[in-house]
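Contents: one structure, followed by commentary.
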Amino acid sequence: MLTRRRDVLLAAGAAVALSLGPARAEDTVKIGLIVPMTGGQASTGKQIDNAVKLYMQQHGDTVAGKKIDVILKDDAAIPDNTKRIAQELIVNDKVNFIAGFGVTPAALAAAPLATQAKIPEVVMAAGTSIITEKSPYIARTSFTLAQSSTIIADWAVKNGIKKVATLTSDYAPGNDALNFFREHFTAGGGQIVEEVKVPLQNPDFAPFLQRMKDAKPDAMFVFVPAGQGGNFMKQYAERGLDKAGIKVIGPGDVMDDDLLNDMGDAALGTVTAHIYSAAHPSAMNKEFVAAYKKAYNNRPGFMAVGGYDGIHLIYEALKKTGGKTDGDALIEAMKGMKWESPRGPISIDPETRDIVQNVYIRKVEKVDGELYNVEFQTFEAVKDSGKTKK
Amino acid sequence: MTSVLTNLFDGVAYGMLLFVLACGLAVTLGLMNFVNLAHGAFAMAGGYVCAVLVNHTGWPFFAALPLAFVSSAVIGVALERTLYRHLYTRSHLDQVLFSIGLVFMSVAAVDYIMGSSRIFIKLPAALEGQFDVFGVGIDRYRLMIVVICGLLTAALQLVLARTRFGSRLRAAVDDPRAASGLGINVPQVFAFTFAFGCGLAGLGGALSAEILGLDPYFPLKFMIYFLIVVTVGGSSSITGPFLASLLLGIGDVAGKYYVPKMGPFVIYTIMIVILIWRPNGLFGRTVTR
Amino acid sequence: MTTPADVGYHARQHARWHWSEIAFWVLVLACAFCFPSRYLIMTDIVRLALFALSLDLILGYSGIVSLGHAAFFGVGAYSAGLLSLHGIITEPVIALVVAGLAAMVLGFLTSFLVIRGVDLTRLMVTLGIALLLEALAERFSNITGGTDGLQGIEMQPILGIFAFDMFGKVGFFYSLAVLFLLFLLARRIVHSPFGLSLRAIKNNPLRAAAVGIPVNRRLIAIYTVAAFYAGIAGALFTQTTSLASLDVFAFEKSADLMLVLVIGGTGYLYGGLIGALVFRMLQEVFQTITPQYWLFWIGLVLIVMVLVGRTRIHRWALFLPNLVIRQFAGRRAVVALSDNEAP
């Protein structure tokens with residue numbers, strides 16, 4: 001009991017110290033952007049960093065009379081780094097937001113800090129459902145795997161796919177993808193003939209693919225994190241799975257736009273469900289893709305869009321509070337916010353603070369000699385179905 | 001049954017690839033007694049040279065492969081003459097510190113120049129896909145690897161065993177002082193060998209882009225595999241590392257196929273058991289150097 | 001050359017507290033009070049220092065190289081995490097010791113594998129053990145949380161009095177106290193007859209065996225002790241961050257540790273402490289300047305360090321302190337290390 005009281009006192013002390021902190025820097029708002037800039041997940045961090053910079057170029061670095069100061073930090077996707085960096089940003093730099101988070105463990109590691117310090121944590125990449133439940137100060141602008149996996153499962157059932165083998169990366173998002181897919185797919189009468197979980201750091205897919213091939217399914221459901229899709233598709237083609245008539249379906253991570261064009265023709269015809277395609281036919285997206293290409297000489301992927309929308313959410317929340325940086329007010333302002341993103345109309349669910357967005361079924365096609373995910377069916381305003389049932 | 005053969009073939013191809021990548025390290029570590037953890041950096045250099053030539057300047061893949069070899073060898077000889085040379089007599093710890101430093105620099109430099117995404121080399125259509133031999137699926141690309149690496153291994157063995165250079169190298173390694181007394185230019189022999197090892201790594205890097213994936217973290221990711229090949233194989237000849245590579249390749253592929261969840265476990269257990277059983281490697285010398 | 005009595009005299013002389021050592025610890029304590037906003041990074045340094053101290057015991061004093069020291073760090077980290085997560089032992093200090101003992105048991109068991117073979121074999125066997133444990137931890141993800149790590153660890157107050165706070169103040173002083181105590185113990189060990197026999201083994205195992213030192217038993221003993229130290233460092237890591245993930249076993253962790261110790265110098269106990277400080281500060285500075293390409297500059301520093309020579313750098317670094325000390329005491333305070341300390 002005594003210790004409980006001490007805890008409360010300390011937390012209160014921390015809160016006081018923190019609320020006093022920003023007051024000193026009256027006219028700047030600091031955002032701690034924690035993403036992996038080195039290590040295996042580096043491309044995620046770079047896309048987010050690029051998108052944030054691009055947004056700030058386009059929209060200026062002042063909002064509601066406050067100057068926005070983004071402090072970029074590299075956590076190499078290692079959760080204890082994330083935690084230490086977040087803690088230092090909060091305590092020393094007195095940031096008003098923490099944002100980024102390339103992988104789920106990183107986002108989870110920072111969650112208690114957001115709660116303790118009462119500052120918003122904007123998740124721009126990590127895609128496991130539970131993240132937003134871990135702190136009332138978390139809002140997400142990326143996606144959850146439940147969103148895309150359930151939809152592709154339903155689509156597969158409707159389109160005559162009966163037997164599926166699954167290949168997923170063995171970590172939280174991969175398991176999420178697998179579980180939601182399995183649930184919806186088997187409920188619809190489909191059968192899963194083979195389940196393989198591959199280690200996250202995995203150089204050679206060939207033996208796993210051989211196993212898939214020998215299981216002779218109609219299609220294989222694939223989830224690998226952003227960045228590994230290219231390697232996967234190469235080996236898929238090399239192994240002759242395309243010739244054997246085994247289609248690839250899955251959440252769109254495997255067909256990440258920034259790698260898609262290098263995957264070769266084997267990727268043609270792959271059907272995935274995802275939240276963003278660089279080929280999304282809206283004026284806003286065309287402009288975004290053109291600006292991104294001009295600035296970084298590469299196509300933006302869904303990670304870039306997550307970053308772009310994340311910083312947008314921060315800007316809009318600040319506008320709504322009139323520049324006030326009180327954490328509760330900011331997270332309140334974020335709830336229910338709606339806007340048009342390069343990926344289409346999106347909003348923040350007022351109850352779960354998770355993103356609500358369209359999920360598109362897309363097929364890889366050649367457009368002007370380049371490979372694109374062309375959207376052909378839209379599921380509107382999909383909520384995250386992966387939240388714990390209350 | 002056919003899947004067993006396919007797996008065996010995949011394993012052999014993977015092992016051969018590892019051998020080409022690591023045999024340069026077997027020379028520097030085993031013969032010259034220099035702990036060169038930066039070996040993977042030379043492989044990466046070759047891979048990126050090949051990728052740039054093929055993807056951006058439109059060179060044919062087979063023309064770019066020798067160039068990957070040459071460029072890595074040139075980088076190797078340049079570094080050997082300027083930096084490595086001074087460290088042959090230093091302690092192993094100094095060598096570790098130095099070569100890790102080199103790895104760090106190469107990782108960041110490649111990241112800066114080429115970006116952090118994984119890159120691929122555009123292959124000629126003839127190398128894509130599989131064909132069937134009595135129902136056994138054979139990848140064209142892997143078949144090419146087996147052929148190239150097999151030829152290289154045979155050539156290496158011949159050079160080491162039969163040529164004048166080979167005997168000079170063996171002499172220089174066995175007893176540098178006596179060898180230089182016999183008029184062998186030991187530093188030159190070492191420099192040449194080092195460069196050749198780097199060149200092989202470069203070639204291996206170019207070949208492995210398709211299978212292992214090429215990104216700036218290549219030297220760090222595969223450092224352990226190279227070390228395993230060299231220690232398990234022992235350093236008295238190139239046969240040891242060759243067999244160790246095959247064992248590692250087949251073990252890795254079979255482990256992933258038959259016990260997907262225990263894959264890495266298999267490799268490390270094999271390695272520890274072999275090293276406990278024969279501390280100097282499968283074909284190591286009994287005398288410790 | 002000397003009679004046994006002389007050896008004893010020299011050993012005692014050597015084991016006496018030098019006043020520069022006292023100055024070092026006073027300085028450390030001063031840092032703790034001077035930079036109240038930097039507790040987290042300082043905790044990190046203290047943890048790394050303890051970990052490096054552990055490696056120094058086997059590398060610097062008995063000549064066993066290891067690229068897999070993270071195995072013990074990881075076992076300590078997961079033990080502490082699981083003990084707290086399942087409420088088995090909630091008091092951090094006891095949990096710390098238990099976690100250390102768990103690592104110690106593993107150290108004892110694996111020591112039989114490690115004492116065989118030469119340097120390179122030892123490097124690979126130790127590395128293999130760490131990788132094996134990492135694979136195991138990944139495989140049994142229902143216990144360890146797999147790639148996602150152990151989530152939701154909540155630490156109870158130390159001794160029931162000091163609760164861990166968000167600024168890391170309690171965590172820091174806790175870690176520092178543990179480091180200091182274990183340092184005292186290590187100092188006692190290396191200056192004991194046991195420690196002297198280890199040095200004899202390091203210098204020449206054959207000769208050591210000839211004068212009647214049970215080489216293998218001594219090596220097993222020190223390896224086990226070192227494992228205990230590493231386990232404690234790992235447990236401290238879990239307790240101060242409330243996290244344990246697969247990275248605790250990672251090869252990078254062992255490799256970084258090696259760098260730390262080599263930078264600081266082996267075989268005088270302070271090497272790990274100084275190395276940890278220098279390495280982390282370098283990392284911090286470069287990461288602030290360029291979050292993306294900091295590896296490059298770290299690499300450059302390492303290369304320059306080797307080319308210039310560590311001995312020379314140590315001499316330069318000690319130039320000023322020595323100058324001051326000579327003014328007051330008329331002698332050199334700290335002698336730069338010889339370069340042949342490595343195995």
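A note on labels: chains of the structure tokens are A, B, ... as shown, every chain counts residues from 1, and ligands are counted from 1 in their shown order.
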
Helix (DSSP H, G or I) call set, DSSP backbone run, stretch 20-260 of chain B, as a ChimeraX atom specification = /B:20-31,39-56,61-82,84-87,92-114,125-127,140-162,164-174,176-181,186-212,218-233,239-258,260

When the cut-off is 7 Å and we count only C-alpha atoms, which residues of chain B are near chain C, given as a VMD selection string?
-> chain B and resid 91 93 to 94 97 to 98 101 to 102 104 to 105 108 to 109 231 261 to 262 264 to 265 268 272 275 to 276 279 to 280

Saved selection, atoms kept: N, CA and C atoms, as an mmCIF file, in the first residue's frame:
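Writing done, so here's selection.cif:
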data_model
loop_
_atom_site.group_PDB
_atom_site.id
_atom_site.type_symbol
_atom_site.label_atom_id
_atom_site.label_comp_id
_atom_site.auth_asym_id
_atom_site.auth_seq_id
_atom_site.Cartn_x
_atom_site.Cartn_y
_atom_site.Cartn_z
ATOM 1 N N SER B 91 48.166 -8.312 -32.482
ATOM 2 C CA SER B 91 47.386 -9.332 -31.776
ATOM 3 C C SER B 91 46.044 -9.549 -32.470
ATOM 4 N N LEU B 93 43.177 -9.472 -31.191
ATOM 5 C CA LEU B 93 42.164 -8.509 -30.756
ATOM 6 C C LEU B 93 42.247 -7.230 -31.579
ATOM 7 N N ASP B 94 43.470 -6.799 -31.864
ATOM 8 C CA ASP B 94 43.627 -5.623 -32.713
ATOM 9 C C ASP B 94 43.027 -5.863 -34.090
ATOM 10 N N LEU B 97 39.256 -5.683 -33.901
ATOM 11 C CA LEU B 97 38.837 -4.291 -33.768
ATOM 12 C C LEU B 97 38.907 -3.593 -35.124
ATOM 13 N N PHE B 98 40.034 -3.787 -35.793
ATOM 14 C CA PHE B 98 40.254 -3.139 -37.075
ATOM 15 C C PHE B 98 39.240 -3.609 -38.117
ATOM 16 N N GLY B 101 35.764 -2.461 -37.519
ATOM 17 C CA GLY B 101 35.691 -1.052 -37.906
ATOM 18 C C GLY B 101 35.468 -0.915 -39.396
ATOM 19 N N LEU B 102 36.203 -1.724 -40.145
ATOM 20 C CA LEU B 102 36.073 -1.700 -41.600
ATOM 21 C C LEU B 102 34.663 -2.107 -42.039
ATOM 22 N N PHE B 104 31.874 -1.801 -40.281
ATOM 23 C CA PHE B 104 30.969 -0.696 -39.953
ATOM 24 C C PHE B 104 31.018 0.382 -41.031
ATOM 25 N N MET B 105 32.252 0.746 -41.417
ATOM 26 C CA MET B 105 32.385 1.802 -42.417
ATOM 27 C C MET B 105 31.764 1.387 -43.742
ATOM 28 N N ALA B 108 27.871 1.510 -43.578
ATOM 29 C CA ALA B 108 27.302 2.852 -43.639
ATOM 30 C C ALA B 108 27.549 3.488 -45.003
ATOM 31 N N ALA B 109 28.723 3.226 -45.576
ATOM 32 C CA ALA B 109 29.040 3.840 -46.865
ATOM 33 C C ALA B 109 28.101 3.306 -47.949
ATOM 34 N N THR B 231 35.969 -22.507 -39.413
ATOM 35 C CA THR B 231 36.373 -23.243 -38.205
ATOM 36 C C THR B 231 35.988 -24.713 -38.289
ATOM 37 N N LYS B 261 10.745 -25.154 -37.643
ATOM 38 C CA LYS B 261 10.864 -24.336 -36.438
ATOM 39 C C LYS B 261 12.232 -24.474 -35.785
ATOM 40 N N MET B 262 12.919 -25.568 -36.091
ATOM 41 C CA MET B 262 14.193 -25.803 -35.415
ATOM 42 C C MET B 262 15.388 -25.513 -36.318
ATOM 43 N N PRO B 264 17.634 -23.066 -37.342
ATOM 44 C CA PRO B 264 18.945 -22.575 -36.911
ATOM 45 C C PRO B 264 19.564 -23.479 -35.842
ATOM 46 N N PHE B 265 18.698 -24.076 -35.075
ATOM 47 C CA PHE B 265 19.130 -24.955 -33.997
ATOM 48 C C PHE B 265 20.035 -26.072 -34.519
ATOM 49 N N TYR B 268 23.701 -24.866 -35.467
ATOM 50 C CA TYR B 268 24.595 -24.530 -34.362
ATOM 51 C C TYR B 268 24.965 -25.773 -33.559
ATOM 52 N N ILE B 272 28.790 -27.021 -32.888
ATOM 53 C CA ILE B 272 29.381 -27.207 -31.563
ATOM 54 C C ILE B 272 29.884 -28.636 -31.404
ATOM 55 N N LEU B 275 33.073 -29.126 -33.291
ATOM 56 C CA LEU B 275 34.211 -28.429 -32.688
ATOM 57 C C LEU B 275 34.653 -29.068 -31.372
ATOM 58 N N ILE B 276 33.706 -29.666 -30.670
ATOM 59 C CA ILE B 276 34.090 -30.345 -29.440
ATOM 60 C C ILE B 276 34.858 -31.625 -29.781
ATOM 61 N N PRO B 279 38.587 -30.055 -32.200
ATOM 62 C CA PRO B 279 38.733 -28.615 -31.966
ATOM 63 C C PRO B 279 39.408 -27.872 -33.117
ATOM 64 N N ASN B 280 40.182 -28.538 -33.938
ATOM 65 C CA ASN B 280 40.830 -27.828 -35.027
ATOM 66 C C ASN B 280 40.067 -27.955 -36.338
#

What's the 8 Å shell around stretch 297-310 of chain A, counting only C-alpha atoms, without same-chain residues fewer than 5 positions away, as number ranges by chain?
-> A: 44, 47-52, 54-55, 99-100, 122-125, 140-142, 256-258, 275-278, 289, 292, 341-343

Could you save those same residues with N, CA and C atoms as a PDB file, in the first residue's frame?
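As written to disk, selection.pdb reads:
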ATOM      1  N   THR A  44      12.153   0.865 -43.615  1.00  0.00           N
ATOM      2  CA  THR A  44      10.930   1.389 -42.994  1.00  0.00           C
ATOM      3  C   THR A  44      11.173   2.777 -42.429  1.00  0.00           C
ATOM      4  N   GLN A  47      11.705   5.484 -45.121  1.00  0.00           N
ATOM      5  CA  GLN A  47      10.475   5.925 -45.789  1.00  0.00           C
ATOM      6  C   GLN A  47       9.703   6.892 -44.905  1.00  0.00           C
ATOM      7  N   ILE A  48       9.616   6.558 -43.615  1.00  0.00           N
ATOM      8  CA  ILE A  48       8.857   7.420 -42.711  1.00  0.00           C
ATOM      9  C   ILE A  48       9.532   8.780 -42.587  1.00  0.00           C
ATOM     10  N   ASP A  49      10.835   8.742 -42.403  1.00  0.00           N
ATOM     11  CA  ASP A  49      11.587   9.989 -42.274  1.00  0.00           C
ATOM     12  C   ASP A  49      11.398  10.855 -43.526  1.00  0.00           C
ATOM     13  N   ASN A  50      11.519  10.229 -44.696  1.00  0.00           N
ATOM     14  CA  ASN A  50      11.322  10.948 -45.958  1.00  0.00           C
ATOM     15  C   ASN A  50       9.946  11.589 -46.018  1.00  0.00           C
ATOM     16  N   ALA A  51       8.920  10.793 -45.678  1.00  0.00           N
ATOM     17  CA  ALA A  51       7.551  11.283 -45.798  1.00  0.00           C
ATOM     18  C   ALA A  51       7.307  12.450 -44.850  1.00  0.00           C
ATOM     19  N   VAL A  52       7.851  12.341 -43.633  1.00  0.00           N
ATOM     20  CA  VAL A  52       7.667  13.423 -42.666  1.00  0.00           C
ATOM     21  C   VAL A  52       8.335  14.694 -43.179  1.00  0.00           C
ATOM     22  N   LEU A  54       8.929  15.439 -46.264  1.00  0.00           N
ATOM     23  CA  LEU A  54       8.180  15.919 -47.425  1.00  0.00           C
ATOM     24  C   LEU A  54       6.955  16.705 -46.974  1.00  0.00           C
ATOM     25  N   TYR A  55       6.247  16.152 -45.985  1.00  0.00           N
ATOM     26  CA  TYR A  55       5.041  16.817 -45.493  1.00  0.00           C
ATOM     27  C   TYR A  55       5.387  18.198 -44.957  1.00  0.00           C
ATOM     28  N   ALA A  99       6.715   9.507 -31.852  1.00  0.00           N
ATOM     29  CA  ALA A  99       6.119   9.001 -33.086  1.00  0.00           C
ATOM     30  C   ALA A  99       7.085   8.055 -33.769  1.00  0.00           C
ATOM     31  N   GLY A 100       6.578   7.351 -34.775  1.00  0.00           N
ATOM     32  CA  GLY A 100       7.417   6.430 -35.540  1.00  0.00           C
ATOM     33  C   GLY A 100       7.102   4.989 -35.200  1.00  0.00           C
ATOM     34  N   VAL A 122       2.259   8.438 -31.528  1.00  0.00           N
ATOM     35  CA  VAL A 122       1.670   8.215 -32.846  1.00  0.00           C
ATOM     36  C   VAL A 122       2.421   7.080 -33.540  1.00  0.00           C
ATOM     37  N   VAL A 123       1.733   5.962 -33.710  1.00  0.00           N
ATOM     38  CA  VAL A 123       2.365   4.789 -34.319  1.00  0.00           C
ATOM     39  C   VAL A 123       2.223   4.879 -35.828  1.00  0.00           C
ATOM     40  N   MET A 124       3.362   4.949 -36.530  1.00  0.00           N
ATOM     41  CA  MET A 124       3.333   5.177 -37.971  1.00  0.00           C
ATOM     42  C   MET A 124       3.600   3.923 -38.788  1.00  0.00           C
ATOM     43  N   ALA A 125       4.008   2.832 -38.142  1.00  0.00           N
ATOM     44  CA  ALA A 125       4.335   1.648 -38.933  1.00  0.00           C
ATOM     45  C   ALA A 125       3.811   0.354 -38.318  1.00  0.00           C
ATOM     46  N   ARG A 140      -2.921   5.437 -34.021  1.00  0.00           N
ATOM     47  CA  ARG A 140      -2.160   4.783 -35.096  1.00  0.00           C
ATOM     48  C   ARG A 140      -2.575   5.295 -36.454  1.00  0.00           C
ATOM     49  N   THR A 141      -1.582   5.508 -37.326  1.00  0.00           N
ATOM     50  CA  THR A 141      -1.884   5.943 -38.688  1.00  0.00           C
ATOM     51  C   THR A 141      -1.380   4.955 -39.732  1.00  0.00           C
ATOM     52  N   SER A 142      -0.973   3.766 -39.284  1.00  0.00           N
ATOM     53  CA  SER A 142      -0.529   2.803 -40.292  1.00  0.00           C
ATOM     54  C   SER A 142      -1.696   1.897 -40.673  1.00  0.00           C
ATOM     55  N   ASP A 256       5.132  -4.657 -51.340  1.00  0.00           N
ATOM     56  CA  ASP A 256       5.463  -3.277 -50.992  1.00  0.00           C
ATOM     57  C   ASP A 256       5.871  -2.494 -52.238  1.00  0.00           C
ATOM     58  N   ASP A 257       5.289  -1.306 -52.382  1.00  0.00           N
ATOM     59  CA  ASP A 257       5.509  -0.538 -53.597  1.00  0.00           C
ATOM     60  C   ASP A 257       6.969  -0.194 -53.864  1.00  0.00           C
ATOM     61  N   ASP A 258       7.746   0.023 -52.813  1.00  0.00           N
ATOM     62  CA  ASP A 258       9.113   0.474 -53.090  1.00  0.00           C
ATOM     63  C   ASP A 258       9.989  -0.645 -53.640  1.00  0.00           C
ATOM     64  N   ILE A 275      -3.878  -1.407 -47.788  1.00  0.00           N
ATOM     65  CA  ILE A 275      -4.471  -0.109 -47.527  1.00  0.00           C
ATOM     66  C   ILE A 275      -3.964   0.960 -48.469  1.00  0.00           C
ATOM     67  N   TYR A 276      -2.840   0.683 -49.132  1.00  0.00           N
ATOM     68  CA  TYR A 276      -2.301   1.711 -49.999  1.00  0.00           C
ATOM     69  C   TYR A 276      -1.634   1.101 -51.208  1.00  0.00           C
ATOM     70  N   SER A 277      -1.848   1.738 -52.341  1.00  0.00           N
ATOM     71  CA  SER A 277      -1.084   1.405 -53.527  1.00  0.00           C
ATOM     72  C   SER A 277      -0.633   2.712 -54.154  1.00  0.00           C
ATOM     73  N   ALA A 278       0.580   2.727 -54.659  1.00  0.00           N
ATOM     74  CA  ALA A 278       1.076   3.941 -55.318  1.00  0.00           C
ATOM     75  C   ALA A 278       0.242   4.245 -56.559  1.00  0.00           C
ATOM     76  N   VAL A 289       2.691  10.990 -54.911  1.00  0.00           N
ATOM     77  CA  VAL A 289       3.673  10.090 -55.517  1.00  0.00           C
ATOM     78  C   VAL A 289       4.690  10.900 -56.325  1.00  0.00           C
ATOM     79  N   TYR A 292       7.024  12.760 -53.989  1.00  0.00           N
ATOM     80  CA  TYR A 292       7.928  11.836 -53.300  1.00  0.00           C
ATOM     81  C   TYR A 292       9.011  11.349 -54.248  1.00  0.00           C
ATOM     82  N   SER A 341      -6.425  11.076 -47.240  1.00  0.00           N
ATOM     83  CA  SER A 341      -5.012  10.743 -47.289  1.00  0.00           C
ATOM     84  C   SER A 341      -4.670  10.282 -48.703  1.00  0.00           C
ATOM     85  N   PRO A 342      -3.400  10.197 -49.052  1.00  0.00           N
ATOM     86  CA  PRO A 342      -3.065   9.639 -50.364  1.00  0.00           C
ATOM     87  C   PRO A 342      -3.665   8.256 -50.576  1.00  0.00           C
ATOM     88  N   ARG A 343      -3.939   7.509 -49.470  1.00  0.00           N
ATOM     89  CA  ARG A 343      -4.488   6.171 -49.655  1.00  0.00           C
ATOM     90  C   ARG A 343      -6.001   6.172 -49.808  1.00  0.00           C
TER      91      ARG A 343
END

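Across the model, the gap from atom CA of A:Gly39 to atom CA of C:Gln151 is 22.3 Å.
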
Can you tell me, as a PDB file with C-alpha atoms, in the first residue's frame, what residues are no more than 10 Å from A:Ala114 when counting only C-alpha atoms, ignoring any on the same chain fewer than 4 positions away?
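Written out: part08.pdb:
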ATOM      1  CA  ALA A  86      11.810   7.548 -25.803  1.00  0.00           C
ATOM      2  CA  GLN A  87      12.508   8.039 -22.132  1.00  0.00           C
ATOM      3  CA  ILE A  90      10.552  12.749 -22.868  1.00  0.00           C
ATOM      4  CA  PHE A  97       4.846  13.722 -29.112  1.00  0.00           C
ATOM      5  CA  ILE A  98       6.626  10.473 -29.652  1.00  0.00           C
ATOM      6  CA  ALA A 109       8.086  -0.796 -25.214  1.00  0.00           C
ATOM      7  CA  ALA A 110       7.264   2.888 -25.452  1.00  0.00           C
ATOM      8  CA  LYS A 118       0.712  11.683 -20.705  1.00  0.00           C
ATOM      9  CA  ILE A 119       1.952  12.464 -24.177  1.00  0.00           C
ATOM     10  CA  PRO A 120       0.547  11.131 -27.435  1.00  0.00           C
ATOM     11  CA  GLU A 121       2.345   8.245 -29.120  1.00  0.00           C
ATOM     12  CA  VAL A 122       1.670   8.215 -32.846  1.00  0.00           C
ATOM     13  CA  LYS A 134      -1.580  -0.723 -24.286  1.00  0.00           C
ATOM     14  CA  SER A 135      -1.941   2.967 -23.574  1.00  0.00           C
ATOM     15  CA  PRO A 136      -4.770   5.490 -23.835  1.00  0.00           C
ATOM     16  CA  TYR A 137      -2.302   7.888 -25.460  1.00  0.00           C
ATOM     17  CA  ILE A 138      -1.577   5.807 -28.541  1.00  0.00           C
ATOM     18  CA  GLY A 327      -1.399  15.451 -23.913  1.00  0.00           C
TER      19      GLY A 327
END

Using only C-alpha atoms, which of the listed residues (B:Phe218, B:Phe9, B:Tyr48, B:Phe196) sits closest to B:Gly137?
->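 Nearest to B:Gly137: B:Phe9.
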
Using 9 Å as the limit and counting only C-alpha atoms, can you tabulate each residue of chain A that touches chain B, with its shortest atom-to-atom distance in Å and the two atoms involved, as a Markdown table?
| residue | atom | partner | partner_atom | distance |
| --- | --- | --- | --- | --- |
| A:Met37 | CA | B:Ser116 | CA | 8.8 |
| A:Thr38 | CA | B:Ser116 | CA | 8.2 |
| A:Gly39 | CA | B:Tyr217 | CA | 6.8 |
| A:Gly40 | CA | B:Tyr217 | CA | 7.2 |
| A:Gln41 | CA | B:Ser116 | CA | 8.8 |
| A:Ala42 | CA | B:Ser116 | CA | 6.2 |
| A:Ser43 | CA | B:Ser117 | CA | 5.6 |
| A:Lys46 | CA | B:Ser116 | CA | 8.3 |
| A:Val196 | CA | B:Pro260 | CA | 7.0 |
| A:Lys197 | CA | B:Lys261 | CA | 7.2 |
| A:Val198 | CA | B:Pro260 | CA | 7.2 |
| A:Pro199 | CA | B:Lys261 | CA | 8.0 |
| A:Asn202 | CA | B:Leu212 | CA | 8.7 |
| A:Pro203 | CA | B:Leu212 | CA | 5.0 |
| A:Asp204 | CA | B:Leu212 | CA | 5.7 |
| A:Phe205 | CA | B:Ile211 | CA | 8.4 |
| A:Ala206 | CA | B:Val253 | CA | 7.9 |
| A:Pro207 | CA | B:Tyr257 | CA | 5.0 |
| A:Phe208 | CA | B:Tyr257 | CA | 5.8 |
| A:Leu209 | CA | B:Tyr257 | CA | 8.7 |
| A:Gln210 | CA | B:Tyr257 | CA | 7.5 |
| A:Arg211 | CA | B:Tyr257 | CA | 6.2 |
| A:Asp214 | CA | B:Ser3 | CA | 7.6 |
| A:Gly227 | CA | B:Ser117 | CA | 6.7 |
| A:Gln228 | CA | B:Arg118 | CA | 7.9 |
| A:Gly230 | CA | B:Arg118 | CA | 7.7 |
| A:Asn231 | CA | B:Gly213 | CA | 6.2 |
| A:Lys234 | CA | B:Glu210 | CA | 7.4 |
| A:Gln235 | CA | B:Ile211 | CA | 7.3 |
| A:Ala237 | CA | B:Gly129 | CA | 6.2 |
| A:Glu238 | CA | B:Gly129 | CA | 4.4 |
| A:Arg239 | CA | B:Gln130 | CA | 6.2 |
| A:Gly240 | CA | B:Gly129 | CA | 5.5 |
| A:Lys243 | CA | B:Gly129 | CA | 8.6 |
| A:Asp258 | CA | B:Ser117 | CA | 8.6 |
| A:Leu259 | CA | B:Ser117 | CA | 8.0 |
| A:Asp262 | CA | B:Phe120 | CA | 7.0 |
| A:Met263 | CA | B:Phe120 | CA | 8.2 |
| A:Gly264 | CA | B:Lys122 | CA | 8.4 |

When you get a sec, could you note down which chain A residues fall within 6 Å of chain C, using only C-alpha atoms, as a ChimeraX atom specification?
-> /A:37,73-74,105,171

Surrounding residues of C:Gly271 excluding itself and chain neighbours under 2 positions, 10 Å, only C-alpha atoms, as a PyMOL selection string | chain C and resi 49+52-53+56+60+260-269+273-277

Got a sec to tell me which of stretch 84-203 of chain A DSSP assigns to strand (DSSP E), as a PyMOL selection string?
-> chain A and resi 97-100+121-123+138-140+163-169+191-198

What is the atom CA of A:Thr270 to atom CA of A:Pro173 distance in Å?
->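 Separation between atom CA of A:Thr270 and atom CA of A:Pro173: 21.0 Å.
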
Tell me, in Å to one decimal, how far atom CA of B:Ala195 is from atom CA of B:Ala68.
->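 It comes out at 12.7 Å.
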
Extract, using only C-alpha atoms, all DNA, RNA and protein residues at most 8 Å from B:Gly197, discarding same-chain residues fewer than 5 positions from it, and format them as a VMD selection string.
-> chain B and resid 23 to 25 27 to 28 73
